[in-house]
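> Please read through the structure below; I'll follow up with questions.
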Amino acid sequence: MFALCGTTFTNNSFSEVSRCLAQSKPQRIVCAPVVVAAARSNAKPSDRNASFIAGTALKETVEIAPAVKEPKSTVIGGVGDLYCEETVNEEHTITPSAISVASGYSLLRDPRYNKGLAFNEKERDAHYLCGLLPPVVVDQELQVKNVMQNLRQYEVPLQKYMAITDLQERNENLFYKVVIDNVEELLPVIYTPTVGEACQKYGSIFRRPQGLFISLKDKGRVLEVLKNWPEKKVQVIVVTDGERILGLGDLGCQGMGIPVGKLSLYTALGGVHPSACLPVTIDVGTNNEKLLKDEFYIGLRQRRATGQEYAELLDEFMTAVKQIYGEKVLIQFEDFANHNAFDLLDKYSPSHLVFNDDIQGTASVVLAGLLAALKKVGETLAEQTFLFFGAGEAGTGIAELIALEMSKQTGAPLDETRKKIWLVDSKGLIVRSRMETLQHFKRPWAHEHEPVKDLVTAVNVIKPTVLIGSSGVGRTFTKEVVGAMASINEQPVIFALSNPTSQSECTAEEAYTWSEGQAIFASGSPFPPFEYKGKVFVSGQSNNAYIFPGFGLGLIISGAIRVHDDMLLAASEALAAEVTWEDFEKGLMYPPFSNIRKISARIAAKVAAKAYELGLATLRPQPENLVAFAESCMYSPSYHSYR
């Protein structure tokens with residue numbers, strides 16, 4: 001604990017330091033973020049381990065007021081008043097301290113402000129960096145070139161993941177600059193499919209915490225734990241309980257790689273500032289026996305909590321988030337198991353700004369791909385018959401959004417448009433005779449039909465024009481299944497969405513080969529271009545990263561307080577509009593990722609416009625040019641000058 005201006009702070013309570021320092025005399029202010037150190041009066045002058053970033057730089061020692069008598073039973077600046085908003089003007093206990101400029105060594109180890117060799121000579125002199133860096137000064141572009149040269153030397157994707165993560169922990173701006181400039185090359189590294197392996201081995205490769213871990217041990221004090229996070233102005237939270245990580249199952253606490261990866265994309269692709277992003281893992285245990293026996297596992301060593309105990313912890317978390325960050329913080333649920341994902345979305349949608357990427361994000365990006373594909377073949381959604389293999393949160397979420405868009409286009413009731421969509425789960429075709437045993441989210445898709453047990457038979461009797469896989473089971477679109485689709489349709493649309501690559505229902509090569517080049521194909525994980533009979537096919541990647549960064553940005557710039565289905569439809573339509581005829585000629589149903597930040601800005605503008613139209617936006621007045629406004633709000637990773 002340390003004290004300034006009559007206010008005592010905990011080690012995490014640094015937000016008021018700058019304002020308090022400004023009230024102290026004598027002092028000389030230098031306008032740049034610098035590192036200072038707070039040490040007790042009995043600390044060694046050379047001890048710089050208590051360093052932190054203050055908003056203002058002090059080039060000289062600041063004199064601190066003498067200690068006052070400590071009142072009994074007084075807690076100041078702790079979890080009850082982290083930012084000292086209620087107590088900053090009161091007199092409180094002061095521990096005798098000395099505030100002085102710390103060595104630039106600490107600045108070099110702060111990822112937000114570190115520029116490495118890009119610090120110029122004036123900055124090195126002003127911020128005590130002379131001698132701590134080699135004499136050469138390089139620009140950020142050369143740093144990016146150097147990073148990419150080093151990354152390309154690694155042959156194992158997980159090694160690249162660890163290397164790029166290490167960069168993020170050293171130099172945040174450079175990390176995002178590298179990702180933005182090389183997004184198509186690095187997206188598979190920082191997210192799917194590599195992030196799946198990273199989560200599986202998270203305990204072994206764990207170096208430095210990048211998010212907030214909330215466990216059952218924190219029940220009753222979640223608000224206190226959240227207040228330990230150093231950033232106050234959080235705009236987006238991605239939270240998981242690790243029970244259904246991609247198609248890999250229950251990875252428990254090691255699912256943290258997913259929120260971290262998603263939020264990296266919120267920043268790189270959607271321009272949300274890194275400091276406004278909070279990754280959270282809710283650790284309620286794991287049923288993965290292998291992890292429970294792994295000596296390097298970093299989570300609770302117990303089986304998963306369920307029922308009331310689970311619900312109470314999640315409710316405490318949701319309440320605390322809203323209490324600390326307010327009505328407009330976006331909470332994105334990620335990789336929850338089906339039985340919790342739908343319940344959480346239904347429960348909190350009326351009271352919180354919540355979004356489930358597995359249900360809603362996947363649905364939006366798939367709908368965009370379908371709209372683009374049908375534009376290419378000159379058909380409409382209403383003319384299609386859809387067959388899903390997989391009836392979990394992704395499959396039913398996609399199906400519902402397709403039905404909503406069909407209803408919007410045709411004016412037909414939702415119950416009617418749902419009849420164009422069929423789902424197959426592990427027990428076969430979902431039909432009305434199974435109604436009593438179906439989970440609630442599958443019941444809208446139970447149509448009148450005789451039972452069908454296998455996928456090939458379902459394809460032959462339903463005769464779908466579009467086949468969508470969201471099963472999480474690899475290689476289930478067999479040669480017989482793809483061949484049946486090709487025999488029914490001149491250009492069958494096949495989406496193999498399951499991640500990671502090992503769980504994809506089929507590969508691009510299989511889809512093109514077994515359909516004899518007829519298929520319009522997209523997948524959840526990337527596949528390389530494939531040549532078939534002299535023609536090169538470039539498959540589209542139906543990656544949620546097309547949608548959620550721009551979608552989240554749209555919610556932020558409008559100050560939206562709730563998510564509405566019409567916002568998801570607007571995002572899908574905006575993304576589909578980005579696909580050009582040049583893209584179609586290459587076989588693509590999605591635009592290149594190289595232009596993703598501009599695409600995200602346009603998606604954000606459409607989402608924001610819909611929020612204003614629905615009366616869900618709180619930031620007034622509405623900007624005249626929402627695209628330009630969105631672009632102006634986006635974070636840039638370029639270095640700033642420190643004077």
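All residue names refer to the structure tokens as shown: chains lettered A, B, ... in order, residues numbered from 1 in each chain, ligands numbered from 1 in order.
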Set the distance at 7 Å and use only C-alpha atoms: which residues neighbour stretch 491-502 of chain A once local chain neighbours fewer than 3 positions away are removed? I'd like the list as an MDAnalysis selection string.
chainID A and resid 192:193 196 246:247 465:472 474 485:486 505:506 518:525
> Could you save those same residues with N, CA and C atoms as an mmCIF file, in the first residue's frame?

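selection-v9.cif, freshly written:
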```cif
data_model
loop_
_atom_site.group_PDB
_atom_site.id
_atom_site.type_symbol
_atom_site.label_atom_id
_atom_site.label_comp_id
_atom_site.auth_asym_id
_atom_site.auth_seq_id
_atom_site.Cartn_x
_atom_site.Cartn_y
_atom_site.Cartn_z
ATOM 1 N N THR A 192 -8.090 -19.571 -34.524
ATOM 2 C CA THR A 192 -8.239 -20.930 -35.025
ATOM 3 C C THR A 192 -7.467 -21.126 -36.337
ATOM 4 N N PRO A 193 -6.793 -22.247 -36.499
ATOM 5 C CA PRO A 193 -6.854 -23.448 -35.664
ATOM 6 C C PRO A 193 -5.816 -23.525 -34.539
ATOM 7 N N GLY A 196 -6.569 -23.552 -30.674
ATOM 8 C CA GLY A 196 -7.077 -24.779 -30.078
ATOM 9 C C GLY A 196 -5.972 -25.586 -29.425
ATOM 10 N N LEU A 246 -13.921 -24.736 -28.910
ATOM 11 C CA LEU A 246 -13.942 -25.132 -30.323
ATOM 12 C C LEU A 246 -14.602 -26.505 -30.430
ATOM 13 N N GLY A 247 -13.971 -27.435 -31.123
ATOM 14 C CA GLY A 247 -14.505 -28.793 -31.183
ATOM 15 C C GLY A 247 -13.712 -29.735 -30.299
ATOM 16 N N THR A 465 -30.474 -28.023 -51.062
ATOM 17 C CA THR A 465 -29.582 -27.276 -51.961
ATOM 18 C C THR A 465 -28.363 -26.762 -51.194
ATOM 19 N N VAL A 466 -28.502 -26.678 -49.863
ATOM 20 C CA VAL A 466 -27.417 -26.187 -49.004
ATOM 21 C C VAL A 466 -27.196 -27.182 -47.875
ATOM 22 N N LEU A 467 -25.949 -27.610 -47.679
ATOM 23 C CA LEU A 467 -25.574 -28.519 -46.594
ATOM 24 C C LEU A 467 -24.605 -27.792 -45.675
ATOM 25 N N ILE A 468 -24.946 -27.732 -44.394
ATOM 26 C CA ILE A 468 -24.128 -26.993 -43.434
ATOM 27 C C ILE A 468 -23.732 -27.909 -42.290
ATOM 28 N N GLY A 469 -22.420 -28.013 -42.038
ATOM 29 C CA GLY A 469 -21.918 -28.846 -40.953
ATOM 30 C C GLY A 469 -21.486 -28.013 -39.766
ATOM 31 N N SER A 470 -22.064 -28.310 -38.612
ATOM 32 C CA SER A 470 -21.677 -27.636 -37.365
ATOM 33 C C SER A 470 -21.638 -28.648 -36.233
ATOM 34 N N SER A 471 -21.200 -29.838 -36.573
ATOM 35 C CA SER A 471 -21.290 -30.977 -35.647
ATOM 36 C C SER A 471 -20.116 -31.082 -34.687
ATOM 37 N N GLY A 472 -18.971 -30.518 -35.077
ATOM 38 C CA GLY A 472 -17.763 -30.706 -34.286
ATOM 39 C C GLY A 472 -17.159 -32.088 -34.462
ATOM 40 N N GLY A 474 -15.234 -34.508 -37.150
ATOM 41 C CA GLY A 474 -14.482 -34.450 -38.383
ATOM 42 C C GLY A 474 -14.816 -35.557 -39.370
ATOM 43 N N MET A 485 -25.034 -34.733 -52.758
ATOM 44 C CA MET A 485 -25.321 -33.297 -52.933
ATOM 45 C C MET A 485 -25.080 -32.883 -54.389
ATOM 46 N N ALA A 486 -24.004 -33.389 -54.968
ATOM 47 C CA ALA A 486 -23.662 -33.020 -56.350
ATOM 48 C C ALA A 486 -24.637 -33.625 -57.356
ATOM 49 N N GLU A 505 -15.861 -31.040 -41.132
ATOM 50 C CA GLU A 505 -16.648 -32.138 -41.699
ATOM 51 C C GLU A 505 -16.036 -32.694 -42.981
ATOM 52 N N CYS A 506 -15.341 -31.862 -43.727
ATOM 53 C CA CYS A 506 -14.546 -32.328 -44.864
ATOM 54 C C CYS A 506 -13.557 -31.235 -45.215
ATOM 55 N N GLN A 518 -17.970 -29.004 -58.691
ATOM 56 C CA GLN A 518 -19.252 -28.303 -58.722
ATOM 57 C C GLN A 518 -19.522 -27.492 -57.459
ATOM 58 N N ALA A 519 -18.961 -27.888 -56.339
ATOM 59 C CA ALA A 519 -19.356 -27.333 -55.047
ATOM 60 C C ALA A 519 -18.958 -25.870 -54.882
ATOM 61 N N ILE A 520 -19.824 -25.144 -54.209
ATOM 62 C CA ILE A 520 -19.477 -23.827 -53.659
ATOM 63 C C ILE A 520 -19.188 -24.088 -52.188
ATOM 64 N N PHE A 521 -17.924 -23.963 -51.809
ATOM 65 C CA PHE A 521 -17.474 -24.487 -50.515
ATOM 66 C C PHE A 521 -16.919 -23.394 -49.609
ATOM 67 N N ALA A 522 -17.233 -23.512 -48.329
ATOM 68 C CA ALA A 522 -16.620 -22.661 -47.305
ATOM 69 C C ALA A 522 -16.415 -23.509 -46.059
ATOM 70 N N SER A 523 -15.449 -23.095 -45.245
ATOM 71 C CA SER A 523 -15.124 -23.862 -44.041
ATOM 72 C C SER A 523 -14.876 -22.924 -42.869
ATOM 73 N N GLY A 524 -14.885 -23.505 -41.675
ATOM 74 C CA GLY A 524 -14.605 -22.708 -40.484
ATOM 75 C C GLY A 524 -13.125 -22.430 -40.317
ATOM 76 N N SER A 525 -12.298 -23.409 -40.639
ATOM 77 C CA SER A 525 -10.847 -23.250 -40.597
ATOM 78 C C SER A 525 -10.307 -23.104 -42.017
#
```
> Hey, what's within 10 Å of stretch 626-631 of chain A if we count only C-alpha atoms and toss same-chain stuff fewer than 5 positions away? As a PyMOL selection string, please?
chain A and resi 270-271+550+553-554+556-558+597-609
> Got a sec: who's within 10 Å of A:Lys160, counting only C-alpha atoms, leaving out chain neighbours fewer than 5 positions off, as number ranges by chain?
A: 150-155, 165-166, 186, 189-190, 194
> Excluding same-chain residues fewer than 6 positions from A:Lys262, what lies within 9 Å of it counting only C-alpha atoms, as a list of chain:residue names?
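The residues satisfying every condition are A:Ile190, A:Tyr191, A:Val238, A:Pro279, A:Ala545, A:Phe548, A:Pro549.
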> List as a tab-separated table every residue of stretch 415-529 of chain A that is in contact with stretch 388-410 of chain A, defined as an atom at most 9 Å from one of its atoms (using only C-alpha atoms), together with the nearest atom pair and the distance in Å rounded to one decimal, sorted by chain and then rising number.

```
residue	atom	partner	partner_atom	distance
A:Asp415	CA	A:Ala403	CA	8.5
A:Glu416	CA	A:Ser407	CA	8.3
A:Thr417	CA	A:Ala403	CA	5.2
A:Arg418	CA	A:Ala403	CA	5.4
A:Lys419	CA	A:Ala403	CA	8.7
A:Lys420	CA	A:Ala403	CA	8.1
A:Ile421	CA	A:Ala399	CA	6.8
A:Trp422	CA	A:Phe388	CA	6.2
A:Leu423	CA	A:Phe388	CA	4.6
A:Val424	CA	A:Phe389	CA	4.9
A:Asp425	CA	A:Gly390	CA	5.1
A:Ser426	CA	A:Gly390	CA	7.6
A:Leu429	CA	A:Phe389	CA	8.9
A:Ile430	CA	A:Ala391	CA	8.8
A:Phe441	CA	A:Thr396	CA	7.1
A:Lys442	CA	A:Ala391	CA	6.9
A:Trp445	CA	A:Thr396	CA	8.4
A:Leu455	CA	A:Phe389	CA	7.5
A:Val466	CA	A:Phe388	CA	8.4
A:Leu467	CA	A:Phe388	CA	6.0
A:Ile468	CA	A:Phe388	CA	4.8
A:Gly469	CA	A:Phe389	CA	4.8
A:Ser470	CA	A:Gly390	CA	4.8
A:Ser471	CA	A:Gly390	CA	4.0
A:Gly472	CA	A:Gly390	CA	7.7
A:Val473	CA	A:Gly390	CA	8.9
A:Thr476	CA	A:Phe389	CA	8.8
```
> Quick one: residues within 8 Å of A:Phe530, only C-alpha atoms, excluding same-chain residues fewer than 4 positions away - as number ranges by chain?
A: 508-509, 536-538
> How would the residues just picked look written out with N, CA and C atoms as a PDB file, in the first residue's frame?

```pdb
ATOM      1  N   ALA A 508     -11.419 -28.859 -48.137  1.00  0.00           N
ATOM      2  CA  ALA A 508     -11.716 -28.225 -49.421  1.00  0.00           C
ATOM      3  C   ALA A 508     -11.408 -29.184 -50.570  1.00  0.00           C
ATOM      4  N   GLU A 509     -10.300 -29.870 -50.470  1.00  0.00           N
ATOM      5  CA  GLU A 509      -9.910 -30.817 -51.516  1.00  0.00           C
ATOM      6  C   GLU A 509     -10.969 -31.900 -51.691  1.00  0.00           C
ATOM      7  N   VAL A 536      -7.991 -23.650 -60.405  1.00  0.00           N
ATOM      8  CA  VAL A 536      -7.612 -23.443 -59.009  1.00  0.00           C
ATOM      9  C   VAL A 536      -8.824 -22.947 -58.231  1.00  0.00           C
ATOM     10  N   PHE A 537      -9.181 -23.681 -57.186  1.00  0.00           N
ATOM     11  CA  PHE A 537     -10.302 -23.312 -56.325  1.00  0.00           C
ATOM     12  C   PHE A 537      -9.766 -22.700 -55.032  1.00  0.00           C
ATOM     13  N   VAL A 538     -10.248 -21.521 -54.687  1.00  0.00           N
ATOM     14  CA  VAL A 538      -9.882 -20.858 -53.431  1.00  0.00           C
ATOM     15  C   VAL A 538     -11.120 -20.865 -52.552  1.00  0.00           C
TER      16      VAL A 538
END
```
> Would you mind telling me which residue in A:Ile331, A:Leu223, A:Val280, A:Val144 lies nearest to A:Leu117 when using only C-alpha atoms?
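Nearest to A:Leu117: A:Val144.
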> Report as an NGL selection string all protein, DNA and RNA residues lying within 12 Å of A:Ala341, evaluated on only C-alpha atoms, omitting residues in the same chain fewer than 2 positions from it.
:A and (239-244 or 314 or 332-339 or 343-349 or 354-360 or 392-394 or 396-397 or 441)
> Find the residues near A:Thr580: any atom within 9 Å, counting only C-alpha atoms, skip ones fewer than 5 places away on the same chain, and give them as a VMD selection string.
chain A and resid 372 585 589 to 591
> Next, dump the selected residues to file, keeping only C-alpha atoms, as a PDB file, in the first residue's frame.

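What follows is the written file out16.pdb:
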```pdb
ATOM      1  CA  ALA A 372     -23.117 -13.862 -51.315  1.00  0.00           C
ATOM      2  CA  GLU A 585     -14.422 -15.608 -59.948  1.00  0.00           C
ATOM      3  CA  MET A 589     -17.961 -16.171 -50.752  1.00  0.00           C
ATOM      4  CA  TYR A 590     -16.206 -13.769 -48.406  1.00  0.00           C
ATOM      5  CA  PRO A 591     -13.989 -10.758 -49.117  1.00  0.00           C
TER       6      PRO A 591
END
```
> Where in stretch 312-390 of chain A does DSSP assign strand (DSSP E), given as number ranges by chain?
A: 330-333, 354-356, 386-389
> From a DSSP pass on the backbone, collect the residues of stretch 374-490 of chain A flagged as alpha helix (DSSP H) and hand them back as number ranges by chain.
A: 374-377, 393-410, 414-417, 455-462, 479-488
> I'd like the interatomic distance between atom CA of A:Ile561 and atom CA of A:Val329, to a tenth of an Å.
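Distance reported for this atom pair: 8.2 Å.
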